[in-house]
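The file final_9.csv contains CSV, C-alpha atoms and all ligand atoms:
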chain,number,residue,atom,x,y,z
I,1,MET,CA,-65.8,14.0,-9.6
I,2,SER,CA,-65.9,16.4,-12.5
I,3,ASP,CA,-69.2,17.1,-14.4
I,4,VAL,CA,-70.3,14.5,-16.9
I,5,LEU,CA,-71.6,16.2,-20.0
I,6,ILE,CA,-73.5,14.0,-22.5
I,7,LEU,CA,-74.3,15.0,-26.0
I,8,ALA,CA,-77.4,13.0,-26.9
I,9,ILE,CA,-78.8,12.2,-30.4
I,10,GLU,CA,-82.2,10.8,-31.2
I,11,SER,CA,-83.5,10.0,-34.7
I,12,SER,CA,-85.5,6.8,-34.4
I,13,CYS,CA,-88.7,8.0,-36.0
I,14,ASP,CA,-89.9,11.4,-37.1
I,15,GLU,CA,-88.0,13.7,-34.8
I,16,THR,CA,-84.4,14.8,-35.3
I,17,ALA,CA,-83.3,15.7,-31.8
I,18,ALA,CA,-80.1,16.6,-29.9
I,19,ALA,CA,-79.5,17.6,-26.3
I,20,VAL,CA,-76.8,18.3,-23.8
I,21,VAL,CA,-77.4,16.8,-20.4
I,22,LYS,CA,-75.2,17.5,-17.3
I,23,ASN,CA,-74.7,14.7,-14.7
I,24,GLY,CA,-77.7,12.8,-16.0
I,25,ARG,CA,-80.6,15.0,-14.8
I,26,GLU,CA,-79.8,18.6,-15.7
I,27,VAL,CA,-80.9,19.5,-19.3
I,28,LEU,CA,-78.7,22.2,-20.7
I,29,SER,CA,-80.4,22.1,-24.1
I,30,ASN,CA,-83.1,20.0,-25.8
I,31,VAL,CA,-83.5,20.7,-29.5
I,32,ILE,CA,-86.2,18.9,-31.4
I,33,SER,CA,-86.8,19.3,-35.2
I,34,SER,CA,-90.2,17.7,-35.9
I,35,GLN,CA,-91.1,16.4,-39.3
I,36,ILE,CA,-94.8,16.0,-38.4
I,37,ASP,CA,-96.0,18.6,-40.9
I,38,LEU,CA,-94.3,16.7,-43.7
I,39,HIS,CA,-95.7,13.3,-42.8
I,40,THR,CA,-99.2,14.7,-42.2
I,41,LEU,CA,-99.5,15.1,-45.9
I,42,TYR,CA,-99.3,11.3,-46.2
I,43,GLY,CA,-101.4,10.4,-43.1
I,44,GLY,CA,-98.5,8.8,-41.3
I,45,VAL,CA,-94.7,8.5,-41.1
I,46,VAL,CA,-93.1,7.6,-44.4
I,47,PRO,CA,-89.8,5.9,-43.5
I,48,GLU,CA,-87.8,7.0,-46.6
I,49,ILE,CA,-88.8,10.7,-46.2
I,50,ALA,CA,-88.0,10.5,-42.5
I,51,SER,CA,-84.4,9.3,-43.2
I,52,ARG,CA,-83.8,12.0,-45.8
I,53,LYS,CA,-85.1,14.7,-43.5
I,54,HIS,CA,-82.9,13.5,-40.7
I,55,THR,CA,-79.9,13.7,-43.0
I,56,GLU,CA,-80.8,17.3,-43.8
I,57,GLN,CA,-81.3,18.3,-40.2
I,58,ILE,CA,-78.9,16.3,-38.1
I,59,ASN,CA,-75.8,18.5,-38.2
I,60,GLN,CA,-77.7,21.7,-37.6
I,61,VAL,CA,-79.7,20.2,-34.7
I,62,ILE,CA,-76.5,19.0,-33.0
I,63,GLU,CA,-74.8,22.4,-33.5
I,64,GLU,CA,-77.8,24.2,-32.1
I,65,ALA,CA,-77.9,21.9,-29.0
I,66,LEU,CA,-74.2,22.6,-28.3
I,67,LYS,CA,-74.7,26.3,-28.8
I,68,GLU,CA,-77.8,26.5,-26.6
I,69,ALA,CA,-76.0,24.7,-23.9
I,70,ASN,CA,-73.1,27.1,-24.3
I,71,VAL,CA,-70.5,24.3,-24.7
I,72,THR,CA,-68.3,22.9,-27.4
I,73,LEU,CA,-67.3,19.4,-28.3
I,74,ASN,CA,-64.2,19.9,-26.1
I,75,ASP,CA,-66.5,19.9,-23.1
I,76,ILE,CA,-68.4,16.7,-24.0
I,77,THR,CA,-67.6,13.6,-21.9
I,78,ALA,CA,-69.6,11.1,-24.0
I,79,ILE,CA,-72.0,10.9,-26.9
I,80,ALA,CA,-75.2,9.0,-26.4
I,81,VAL,CA,-77.3,7.9,-29.4
I,82,THR,CA,-80.5,5.9,-29.9
I,83,TYR,CA,-79.6,2.7,-31.8
I,84,GLY,CA,-82.9,0.9,-31.6
I,85,PRO,CA,-85.8,0.1,-31.7
I,86,GLY,CA,-87.1,2.3,-34.6
I,87,LEU,CA,-87.0,2.8,-38.3
I,88,VAL,CA,-83.7,1.4,-39.6
I,89,GLY,CA,-82.9,4.3,-42.0
I,90,ALA,CA,-83.9,6.9,-39.5
I,91,LEU,CA,-81.8,5.3,-36.7
I,92,LEU,CA,-78.8,5.0,-39.0
I,93,VAL,CA,-78.6,8.8,-39.5
I,94,GLY,CA,-78.2,9.4,-35.7
I,95,VAL,CA,-75.9,6.5,-35.2
I,96,SER,CA,-73.6,7.5,-38.1
I,97,ALA,CA,-73.5,11.1,-36.9
I,98,ALA,CA,-72.7,10.0,-33.4
I,99,LYS,CA,-70.0,7.6,-34.6
I,100,ALA,CA,-68.4,10.2,-36.8
I,101,ILE,CA,-68.1,12.8,-34.0
I,102,SER,CA,-67.0,10.2,-31.5
I,103,PHE,CA,-64.3,8.9,-33.9
I,104,ALA,CA,-63.0,12.3,-35.0
I,105,ARG,CA,-62.9,13.8,-31.5
I,106,LYS,CA,-62.1,10.7,-29.5
I,107,ILE,CA,-65.2,11.0,-27.3
I,108,PRO,CA,-66.6,7.7,-25.9
I,109,LEU,CA,-69.8,6.5,-27.7
I,110,VAL,CA,-72.8,5.1,-25.8
I,111,GLY,CA,-75.6,3.3,-27.6
I,112,VAL,CA,-79.0,3.8,-25.9
I,113,HIS,CA,-82.2,1.8,-26.1
I,114,HIS,CA,-85.1,4.1,-27.1
I,115,ILE,CA,-87.4,2.8,-24.4
I,116,GLU,CA,-84.8,3.1,-21.8
I,117,GLY,CA,-84.7,6.7,-22.9
I,118,HIS,CA,-88.4,7.2,-22.5
I,119,ILE,CA,-88.3,5.6,-19.0
I,120,SER,CA,-85.4,7.8,-18.0
I,121,ALA,CA,-87.3,11.0,-18.9
I,122,ASN,CA,-88.9,10.6,-15.5
I,123,PHE,CA,-85.5,11.2,-13.8
I,124,ILE,CA,-85.1,14.7,-15.3
I,125,GLU,CA,-87.8,16.5,-13.5
I,126,ASN,CA,-88.1,14.2,-10.5
I,127,LYS,CA,-84.6,14.6,-9.0
I,128,GLU,CA,-85.6,12.4,-6.0
I,129,LEU,CA,-86.8,9.4,-8.2
I,130,GLU,CA,-84.6,6.3,-7.9
I,131,PRO,CA,-85.4,2.7,-8.9
I,132,PRO,CA,-87.0,0.4,-8.1
I,133,PHE,CA,-90.4,1.4,-9.5
I,134,VAL,CA,-93.0,0.2,-12.1
I,135,CYS,CA,-93.2,2.2,-15.4
I,136,LEU,CA,-96.0,2.1,-18.0
I,137,VAL,CA,-94.4,2.8,-21.4
I,138,VAL,CA,-97.0,3.8,-24.0
I,139,SER,CA,-95.8,5.2,-27.3
I,140,GLY,CA,-96.5,4.9,-31.1
I,141,GLY,CA,-94.6,1.7,-31.3
I,142,HIS,CA,-94.7,0.2,-27.8
I,143,SER,CA,-96.9,-0.6,-24.9
I,144,HIS,CA,-95.0,-2.2,-22.0
I,145,LEU,CA,-95.4,-2.5,-18.3
I,146,VAL,CA,-91.8,-2.6,-17.0
I,147,LYS,CA,-90.3,-3.2,-13.6
I,148,VAL,CA,-87.3,-0.9,-13.3
I,149,MET,CA,-85.1,-2.8,-10.8
I,150,ASP,CA,-82.1,-0.5,-11.1
I,151,TYR,CA,-80.6,1.9,-13.7
I,152,GLY,CA,-80.4,-0.1,-16.9
I,153,LYS,CA,-82.0,-3.2,-15.3
I,154,TYR,CA,-85.5,-4.0,-16.4
I,155,GLU,CA,-88.0,-6.8,-16.2
I,156,ILE,CA,-90.9,-6.7,-18.7
I,157,LEU,CA,-94.1,-7.6,-16.9
I,158,GLY,CA,-96.5,-7.1,-19.8
I,159,ARG,CA,-96.6,-5.9,-23.4
I,160,THR,CA,-99.1,-5.5,-26.2
I,161,ARG,CA,-100.0,-8.5,-28.2
I,162,ASP,CA,-100.9,-6.5,-31.3
I,163,ASP,CA,-101.2,-2.7,-31.8
I,164,ALA,CA,-99.3,-0.2,-29.5
I,165,ALA,CA,-101.6,2.2,-27.6
I,166,GLY,CA,-100.4,5.2,-29.7
I,167,GLU,CA,-100.9,3.2,-32.9
I,168,ALA,CA,-104.5,2.6,-31.9
I,169,PHE,CA,-105.0,6.4,-31.2
I,170,ASP,CA,-103.5,7.2,-34.6
I,171,LYS,CA,-105.7,4.6,-36.5
I,172,VAL,CA,-108.9,5.6,-34.8
I,173,ALA,CA,-108.2,9.3,-35.3
I,174,ARG,CA,-107.8,8.6,-39.0
I,175,ALA,CA,-111.1,6.6,-39.1
I,176,ILE,CA,-113.1,9.4,-37.5
I,177,GLY,CA,-111.6,12.0,-39.8
I,178,LEU,CA,-109.2,13.7,-37.4
I,179,GLY,CA,-106.0,12.9,-39.3
I,180,TYR,CA,-102.4,12.5,-38.2
I,181,PRO,CA,-101.0,12.6,-35.5
I,182,GLY,CA,-104.0,11.1,-33.9
I,183,GLY,CA,-103.2,11.0,-30.2
I,184,PRO,CA,-103.1,14.8,-29.4
I,185,LYS,CA,-106.2,15.3,-31.6
I,186,ILE,CA,-108.3,12.6,-29.9
I,187,ASP,CA,-107.1,14.0,-26.5
I,188,ARG,CA,-108.3,17.5,-27.5
I,189,VAL,CA,-111.6,16.5,-29.1
I,190,SER,CA,-112.5,14.1,-26.3
I,191,LYS,CA,-112.8,17.0,-23.9
I,192,GLU,CA,-116.1,18.0,-25.7
I,193,GLY,CA,-117.4,14.4,-25.8
I,194,ASN,CA,-119.2,11.9,-23.5
I,195,PRO,CA,-116.8,9.0,-22.6
I,196,ASP,CA,-119.8,6.8,-21.7
I,197,ALA,CA,-121.7,7.4,-25.0
I,198,ILE,CA,-120.6,4.2,-26.7
I,199,LYS,CA,-119.7,0.9,-24.9
I,200,PHE,CA,-116.4,-0.2,-26.5
I,201,PRO,CA,-114.7,-3.4,-25.2
I,202,ARG,CA,-112.0,-3.5,-22.5
I,203,ALA,CA,-109.8,-6.3,-23.9
I,204,LYS,CA,-108.4,-9.0,-21.6
I,205,VAL,CA,-105.5,-11.2,-22.9
I,206,GLU,CA,-105.9,-14.8,-21.9
I,207,GLY,CA,-103.1,-16.2,-19.8
I,208,SER,CA,-101.6,-12.8,-18.9
I,209,VAL,CA,-103.0,-10.2,-16.5
I,210,TYR,CA,-100.5,-7.6,-17.7
I,211,ASP,CA,-100.5,-8.0,-21.5
I,212,PHE,CA,-102.5,-5.6,-23.6
I,213,SER,CA,-104.5,-5.9,-26.9
I,214,PHE,CA,-105.8,-2.9,-28.7
I,215,SER,CA,-106.6,-4.3,-32.1
I,216,GLY,CA,-110.0,-5.6,-31.0
I,217,LEU,CA,-110.9,-2.1,-29.7
I,218,LYS,CA,-109.8,-0.6,-33.0
I,219,SER,CA,-112.0,-3.0,-34.9
I,220,ALA,CA,-114.9,-2.3,-32.5
I,221,VAL,CA,-114.6,1.4,-33.4
I,222,LEU,CA,-114.5,0.7,-37.1
I,223,ASN,CA,-117.5,-1.6,-36.8
I,224,TYR,CA,-119.4,1.1,-35.0
I,225,LEU,CA,-118.6,3.6,-37.7
I,226,ASN,CA,-119.7,1.2,-40.4
I,227,SER,CA,-123.0,0.4,-38.7
I,228,CYS,CA,-123.7,4.1,-38.3
I,229,GLU,CA,-123.0,4.7,-41.9
I,230,MET,CA,-125.3,1.8,-43.0
I,231,LYS,CA,-128.1,3.1,-40.8
I,232,GLY,CA,-127.6,6.6,-42.2
I,233,GLU,CA,-126.7,8.0,-38.8
I,234,THR,CA,-124.2,10.7,-38.4
I,235,ILE,CA,-121.5,10.1,-35.8
I,236,VAL,CA,-120.7,12.4,-33.0
I,237,GLN,CA,-116.9,12.6,-33.4
I,238,ALA,CA,-116.3,13.8,-29.9
I,239,ASP,CA,-118.3,11.0,-28.3
I,240,VAL,CA,-116.6,8.3,-30.4
I,241,ALA,CA,-113.2,9.8,-29.5
I,242,ALA,CA,-114.0,10.1,-25.8
I,243,SER,CA,-115.5,6.6,-25.6
I,244,PHE,CA,-112.5,5.1,-27.3
I,245,GLN,CA,-110.0,7.0,-25.2
I,246,LYS,CA,-111.9,5.9,-22.0
I,247,ALA,CA,-111.6,2.3,-23.1
I,248,VAL,CA,-107.8,2.6,-23.6
I,249,VAL,CA,-107.3,4.5,-20.3
I,250,ASP,CA,-109.4,2.1,-18.3
I,251,VAL,CA,-107.3,-0.9,-19.4
I,252,LEU,CA,-104.0,0.9,-18.9
I,253,VAL,CA,-105.0,2.1,-15.4
I,254,GLU,CA,-106.3,-1.3,-14.3
I,255,HIS,CA,-103.2,-3.2,-15.5
I,256,SER,CA,-100.8,-0.7,-14.1
I,257,MET,CA,-102.4,-0.7,-10.6
I,258,GLN,CA,-102.4,-4.4,-10.5
I,259,ALA,CA,-98.7,-4.6,-11.6
I,260,VAL,CA,-97.6,-2.0,-9.0
I,261,SER,CA,-99.5,-3.8,-6.2
I,262,GLU,CA,-98.3,-7.3,-7.1
I,263,ALA,CA,-94.7,-6.0,-7.5
I,264,GLY,CA,-95.1,-4.7,-4.0
I,265,MET,CA,-93.9,-1.2,-5.0
I,266,LYS,CA,-95.0,2.2,-3.9
I,267,LYS,CA,-93.7,4.1,-6.9
I,268,PHE,CA,-95.2,4.3,-10.4
I,269,ALA,CA,-94.1,6.2,-13.5
I,270,ILE,CA,-95.3,6.7,-17.1
I,271,ALA,CA,-93.4,7.3,-20.3
I,272,GLY,CA,-93.8,7.6,-24.1
I,273,GLY,CA,-95.9,9.8,-26.3
I,274,VAL,CA,-99.3,8.5,-25.0
I,275,ALA,CA,-98.2,9.4,-21.5
I,276,SER,CA,-98.9,13.0,-22.4
I,277,ASN,CA,-102.6,12.1,-22.8
I,278,SER,CA,-104.5,14.3,-20.3
I,279,ALA,CA,-107.3,11.7,-19.5
I,280,LEU,CA,-104.7,9.0,-18.9
I,281,ARG,CA,-102.6,11.3,-16.6
I,282,ALA,CA,-105.8,12.3,-14.6
I,283,ALA,CA,-107.0,8.8,-14.2
I,284,LEU,CA,-103.6,7.4,-13.2
I,285,SER,CA,-103.1,10.3,-10.8
I,286,LYS,CA,-106.5,9.5,-9.1
I,287,ALA,CA,-105.8,5.8,-9.0
I,288,CYS,CA,-102.4,6.2,-7.5
I,289,GLU,CA,-103.7,8.6,-4.8
I,290,GLU,CA,-106.4,6.1,-3.9
I,291,ASN,CA,-103.9,3.3,-3.6
I,292,GLY,CA,-101.2,5.2,-1.7
I,293,ILE,CA,-98.8,5.1,-4.7
I,294,GLU,CA,-96.4,7.9,-5.6
I,295,PHE,CA,-97.0,8.9,-9.2
I,296,PHE,CA,-94.2,10.2,-11.5
I,297,HIS,CA,-94.6,11.6,-15.0
I,298,PRO,CA,-92.5,13.7,-17.3
I,299,SER,CA,-93.8,17.0,-18.8
I,300,PRO,CA,-95.5,16.4,-22.1
I,301,ILE,CA,-92.5,17.6,-24.1
I,302,LEU,CA,-90.3,14.9,-22.4
I,303,CYS,CA,-92.9,12.2,-23.1
I,304,THR,CA,-92.8,12.4,-26.9
I,305,ASP,CA,-89.5,11.7,-28.7
I,306,ASN,CA,-86.6,13.9,-27.6
I,307,ALA,CA,-82.8,13.6,-27.0
I,308,ALA,CA,-82.7,14.8,-23.4
I,309,MET,CA,-84.2,11.5,-22.3
I,310,ILE,CA,-81.5,9.7,-24.3
I,311,GLY,CA,-78.8,11.9,-22.6
I,312,CYS,CA,-80.2,10.8,-19.2
I,313,ALA,CA,-80.3,7.1,-20.0
I,314,GLY,CA,-76.8,7.5,-21.7
I,315,TYR,CA,-75.4,9.0,-18.5
I,316,TYR,CA,-76.3,5.9,-16.4
I,317,GLU,CA,-75.0,3.6,-19.2
I,318,TYR,CA,-71.8,5.6,-19.2
I,319,LEU,CA,-71.4,5.3,-15.4
I,320,ALA,CA,-72.0,1.5,-15.7
I,321,GLY,CA,-69.1,1.4,-18.2
I,322,ASN,CA,-71.2,0.4,-21.2
I,323,ILE,CA,-69.2,2.1,-23.9
I,324,SER,CA,-70.0,1.1,-27.5
I,325,ASN,CA,-67.6,0.1,-30.2
I,326,TYR,CA,-67.5,1.5,-33.7
I,327,ASP,CA,-69.4,-1.5,-35.0
I,328,LEU,CA,-72.5,-0.1,-33.3
I,329,ASN,CA,-75.3,-0.6,-35.7
I,330,ALA,CA,-79.0,0.4,-35.9
I,331,VAL,CA,-81.1,-2.4,-34.5
I,332,PRO,CA,-84.7,-1.8,-35.6
I,333,ALA,CA,-86.2,-4.5,-33.2
I,334,LEU,CA,-83.8,-4.1,-30.3
I,335,LYS,CA,-85.2,-5.7,-27.1
I,336,LEU,CA,-85.2,-3.8,-23.8
I,337,GLY,CA,-82.3,-5.0,-21.6
I,338,GLU,CA,-80.2,-6.3,-24.6
I,339,ARG,CA,-77.0,-4.7,-25.6
X,1,LIG,O1,-93.0,8.4,-27.9
X,1,LIG,P1,-93.5,8.9,-29.2
X,1,LIG,O2,-93.2,10.4,-29.6
X,1,LIG,O3,-92.8,8.1,-30.4
X,1,LIG,C1,-92.6,6.7,-30.4
X,1,LIG,O4,-91.6,6.3,-29.8
X,1,LIG,O5,-93.5,6.0,-30.9
X,1,LIG,O6,-95.0,8.6,-29.3
X,1,LIG,C2,-95.8,9.0,-30.4
X,1,LIG,C3,-97.2,8.4,-30.2
X,1,LIG,C4,-98.1,8.7,-31.4
X,1,LIG,O7,-98.8,7.5,-31.6
X,1,LIG,C5,-99.1,9.8,-30.9
X,1,LIG,O8,-100.3,9.7,-31.5
X,1,LIG,C6,-99.1,9.5,-29.4
X,1,LIG,O9,-97.8,9.1,-29.0
X,1,LIG,N1,-99.5,10.7,-28.6
X,1,LIG,C7,-100.6,10.7,-27.9
X,1,LIG,C8,-100.7,12.0,-27.3
X,1,LIG,N2,-99.6,12.7,-27.7
X,1,LIG,C9,-98.9,11.8,-28.5
X,1,LIG,N3,-101.6,9.8,-27.6
X,1,LIG,C10,-102.6,10.2,-26.9
X,1,LIG,N4,-102.8,11.4,-26.3
X,1,LIG,C11,-101.8,12.4,-26.5
X,1,LIG,N5,-102.0,13.6,-26.0
X,2,ZN,ZN,-90.5,7.2,-28.7
For this file, produce the structure as structure tokens.
Amino acid sequence: MSDVLILAIESSCDETAAAVVKNGREVLSNVISSQIDLHTLYGGVVPEIASRKHTEQINQVIEEALKEANVTLNDITAIAVTYGPGLVGALLVGVSAAKAISFARKIPLVGVHHIEGHISANFIENKELEPPFVCLVVSGGHSHLVKVMDYGKYEILGRTRDDAAGEAFDKVARAIGLGYPGGPKIDRVSKEGNPDAIKFPRAKVEGSVYDFSFSGLKSAVLNYLNSCEMKGETIVQADVAASFQKAVVDVLVEHSMQAVSEAGMKKFAIAGGVASNSALRAALSKACEENGIEFFHPSPILCTDNAAMIGCAGYYEYLAGNISNYDLNAVPALKLGER
């Protein structure tokens, strides 16, 4: 079989990204134009600004991805694009660009689920990884425990009932004066702090062992900050950050290990922006070792939003014959496993 070259496009949030991926797992280029500096001014992602910036960047990012991969559109087998979930205006920029190229050059179009992309990031650097395995997906918008039964076949074991893990990181970071984006800042500051300094709750969700809830933890941090202020006590930023981070990590590790064990699996992977958290990676690596589970994780650059992961997921969708029509639309609340 001749090589399958996927041109992948991702624009679901605040990264305009394009990549060229060969045969699913070989990344020929991975171009990411981040808008973080722009949104930092406002303390979070402003959807309208994100869409406008994507429009400005998209063509250039695609051209760069092709150039870096040393290919032209004539070499491309299929175009994969994130069509949900995400910000509708942001998604539409990528979807429109992909449709336009696909239509003009008669290249098949493949709509990809963003979370499927995050999970697939694990295949890029772990050439031997094959389903089935359990994957913890933790990003700014999602916290899911997923059983990956086969390529493109998922069973959701647990999900957050309120805030996503990354959202909790971002909100707590703002509350303790670290600013946006919160995750990487809390990760960094926590290295100087004592994770046992403050006892924050480890939330359990009634009726489900795998579901998460982070809004109670966020409130506990805010209450702690308020009570310190009322008592005139100055907070130790690093201790608050480290104690909060430990509370999140403990819950993620406990639920993950339980899910892997009850699913009777020996392989476990992580995905999404929060999967680049150093404390989470260390704790999961230790827990997997103790339980005889093989642990897979993408490099940090493939954990946060990128198009290489969409190219990898798009490859398997393409092989499965899941070609999209030109009525492909942005679906902001697209569910995993739906097409
Ligand atoms: O996957 P991603 O880039 O975008 C979404 O699909 O949401 O994830 C972004 C999220 C943000 O909430 C960010 O604060 C968090 O991932 N994040 C981290 C770290 N790096 C990014 N959270 C904790 N520790 C990190 N090192
Ligand atoms: Zn993402």
Fill in: Env. residues ligand ZN 2 (chain X) / 10 Å / all atoms listed in the file / as a PyMOL selection string
chain I and resi 10-15+85-86+114-118+137-142+271-274+302-306+309
Discussion item. Residues within 8 Å of stretch 312-315 of chain I, please, as an MDAnalysis selection string. Count only C-alpha atoms; anything in the same chain fewer than 4 positions from it doesn't count.
Written reply: chainID I and resid 4 6 8 21 23:25 79:81 110:112 116:117 120:121 123:124 152 308 319
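The smallest atom-to-atom distance between ligand LIG 1 (chain X) and any of I:Asp250, I:Asp187, I:Glu262, I:Asp327, using only C-alpha atoms and all ligand atoms, is found for I:Asp187.
Coordinates place atom CA of I:Ala238 at a distance of 14.0 Å from atom CA of I:Tyr224.
A straight line drawn from atom CA of I:Ala307 to atom CA of I:Leu109 is 14.8 Å long.
Residues in contact range of stretch 177-180 of chain I, defined as at most 8 Å between all atoms listed in the file, with sequence neighbours fewer than 6 positions away removed, read Thr40, Gly43, Gly44, Asp170 and Ile186 of chain I.
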Discussion item. For a quick check of understanding, using all atoms listed in the file, which of I:Arg174, I:Arg188, I:Lys99, I:Lys127 has the smallest distance to ligand LIG 1 (chain X)?
Written reply: I:Arg188
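Among I:Val253, I:Val45, I:Ile107, I:Val93, the residue with the shortest atom-to-atom distance to ligand LIG 1 (chain X), counting all atoms listed in the file, is I:Val45.
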Fill in: Nearest to ligand LIG 1 (chain X), chosen from I:Ser256, I:Ser324, I:Gln245, I:Ser96, with only C-alpha atoms and all ligand atoms counted in the distances
I:Gln245
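In this comparison, which uses only C-alpha atoms and all ligand atoms, the residue of I:Lys185, I:Lys286, I:Lys335, I:Lys267 approaching ligand LIG 1 (chain X) most closely is I:Lys185.
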Worksheet item: In terms of the shortest atom-to-atom distance over all atoms listed in the file, which of I:Pro195, I:Asn223, I:Leu38, I:Leu280 is closest to I:Gly183?
Response: I:Leu280
Discussion item. Would you pick out the contacts of I:Ser33 at 9 Å or less, using only C-alpha atoms, so that residues sharing its chain but fewer than 5 positions from it are not included, and give the list as an MDAnalysis selection string?
Written reply: chainID I and resid 14:18 54 57:58 61
Some atoms are missing, so please complete stretch 34-48 of chain I with N, CA, C and O atoms and return it as a JSON list (two decimals), in the frame of the given file.
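Now in out_14.json:
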[["chain", "number", "residue", "atom", "x", "y", "z"],
["I", 34, "SER", "N", -89.10, 18.66, -35.57],
["I", 34, "SER", "CA", -90.20, 17.70, -35.90],
["I", 34, "SER", "C", -90.47, 17.69, -37.37],
["I", 34, "SER", "O", -90.47, 18.72, -38.02],
["I", 35, "GLN", "N", -90.75, 16.49, -37.88],
["I", 35, "GLN", "CA", -91.10, 16.40, -39.30],
["I", 35, "GLN", "C", -92.62, 16.19, -39.46],
["I", 35, "GLN", "O", -93.09, 15.86, -40.56],
["I", 36, "ILE", "N", -93.36, 16.38, -38.36],
["I", 36, "ILE", "CA", -94.80, 16.00, -38.40],
["I", 36, "ILE", "C", -95.55, 16.65, -39.55],
["I", 36, "ILE", "O", -96.31, 15.97, -40.24],
["I", 37, "ASP", "N", -95.30, 17.92, -39.83],
["I", 37, "ASP", "CA", -96.00, 18.60, -40.90],
["I", 37, "ASP", "C", -95.86, 17.88, -42.24],
["I", 37, "ASP", "O", -96.78, 17.73, -43.02],
["I", 38, "LEU", "N", -94.62, 17.41, -42.46],
["I", 38, "LEU", "CA", -94.30, 16.70, -43.70],
["I", 38, "LEU", "C", -95.06, 15.41, -43.84],
["I", 38, "LEU", "O", -95.65, 15.09, -44.88],
["I", 39, "HIS", "N", -95.07, 14.62, -42.75],
["I", 39, "HIS", "CA", -95.70, 13.30, -42.80],
["I", 39, "HIS", "C", -97.24, 13.41, -42.74],
["I", 39, "HIS", "O", -97.93, 12.50, -43.20],
["I", 40, "THR", "N", -97.75, 14.50, -42.21],
["I", 40, "THR", "CA", -99.20, 14.70, -42.20],
["I", 40, "THR", "C", -99.81, 14.64, -43.55],
["I", 40, "THR", "O", -100.91, 14.14, -43.74],
["I", 41, "LEU", "N", -99.05, 15.10, -44.54],
["I", 41, "LEU", "CA", -99.50, 15.10, -45.90],
["I", 41, "LEU", "C", -99.86, 13.66, -46.38],
["I", 41, "LEU", "O", -100.72, 13.44, -47.23],
["I", 42, "TYR", "N", -99.15, 12.66, -45.78],
["I", 42, "TYR", "CA", -99.30, 11.30, -46.20],
["I", 42, "TYR", "C", -100.14, 10.45, -45.16],
["I", 42, "TYR", "O", -100.32, 9.25, -45.31],
["I", 43, "GLY", "N", -100.57, 11.08, -44.09],
["I", 43, "GLY", "CA", -101.40, 10.40, -43.10],
["I", 43, "GLY", "C", -100.60, 9.51, -42.15],
["I", 43, "GLY", "O", -101.18, 8.71, -41.42],
["I", 44, "GLY", "N", -99.29, 9.61, -42.14],
["I", 44, "GLY", "CA", -98.50, 8.80, -41.30],
["I", 44, "GLY", "C", -97.01, 8.95, -41.64],
["I", 44, "GLY", "O", -96.70, 9.58, -42.65],
["I", 45, "VAL", "N", -96.11, 8.35, -40.81],
["I", 45, "VAL", "CA", -94.70, 8.50, -41.10],
["I", 45, "VAL", "C", -94.26, 7.67, -42.29],
["I", 45, "VAL", "O", -94.50, 6.47, -42.35],
["I", 46, "VAL", "N", -93.62, 8.33, -43.26],
["I", 46, "VAL", "CA", -93.10, 7.60, -44.40],
["I", 46, "VAL", "C", -91.59, 7.44, -44.19],
["I", 46, "VAL", "O", -90.83, 8.41, -44.15],
["I", 47, "PRO", "N", -91.15, 6.17, -43.96],
["I", 47, "PRO", "CA", -89.80, 5.90, -43.50],
["I", 47, "PRO", "C", -88.70, 6.58, -44.40],
["I", 47, "PRO", "O", -87.76, 7.18, -43.88],
["I", 48, "GLU", "N", -88.82, 6.49, -45.71],
["I", 48, "GLU", "CA", -87.80, 7.00, -46.60],
["I", 48, "GLU", "C", -87.69, 8.55, -46.48],
["I", 48, "GLU", "O", -86.60, 9.12, -46.47]]
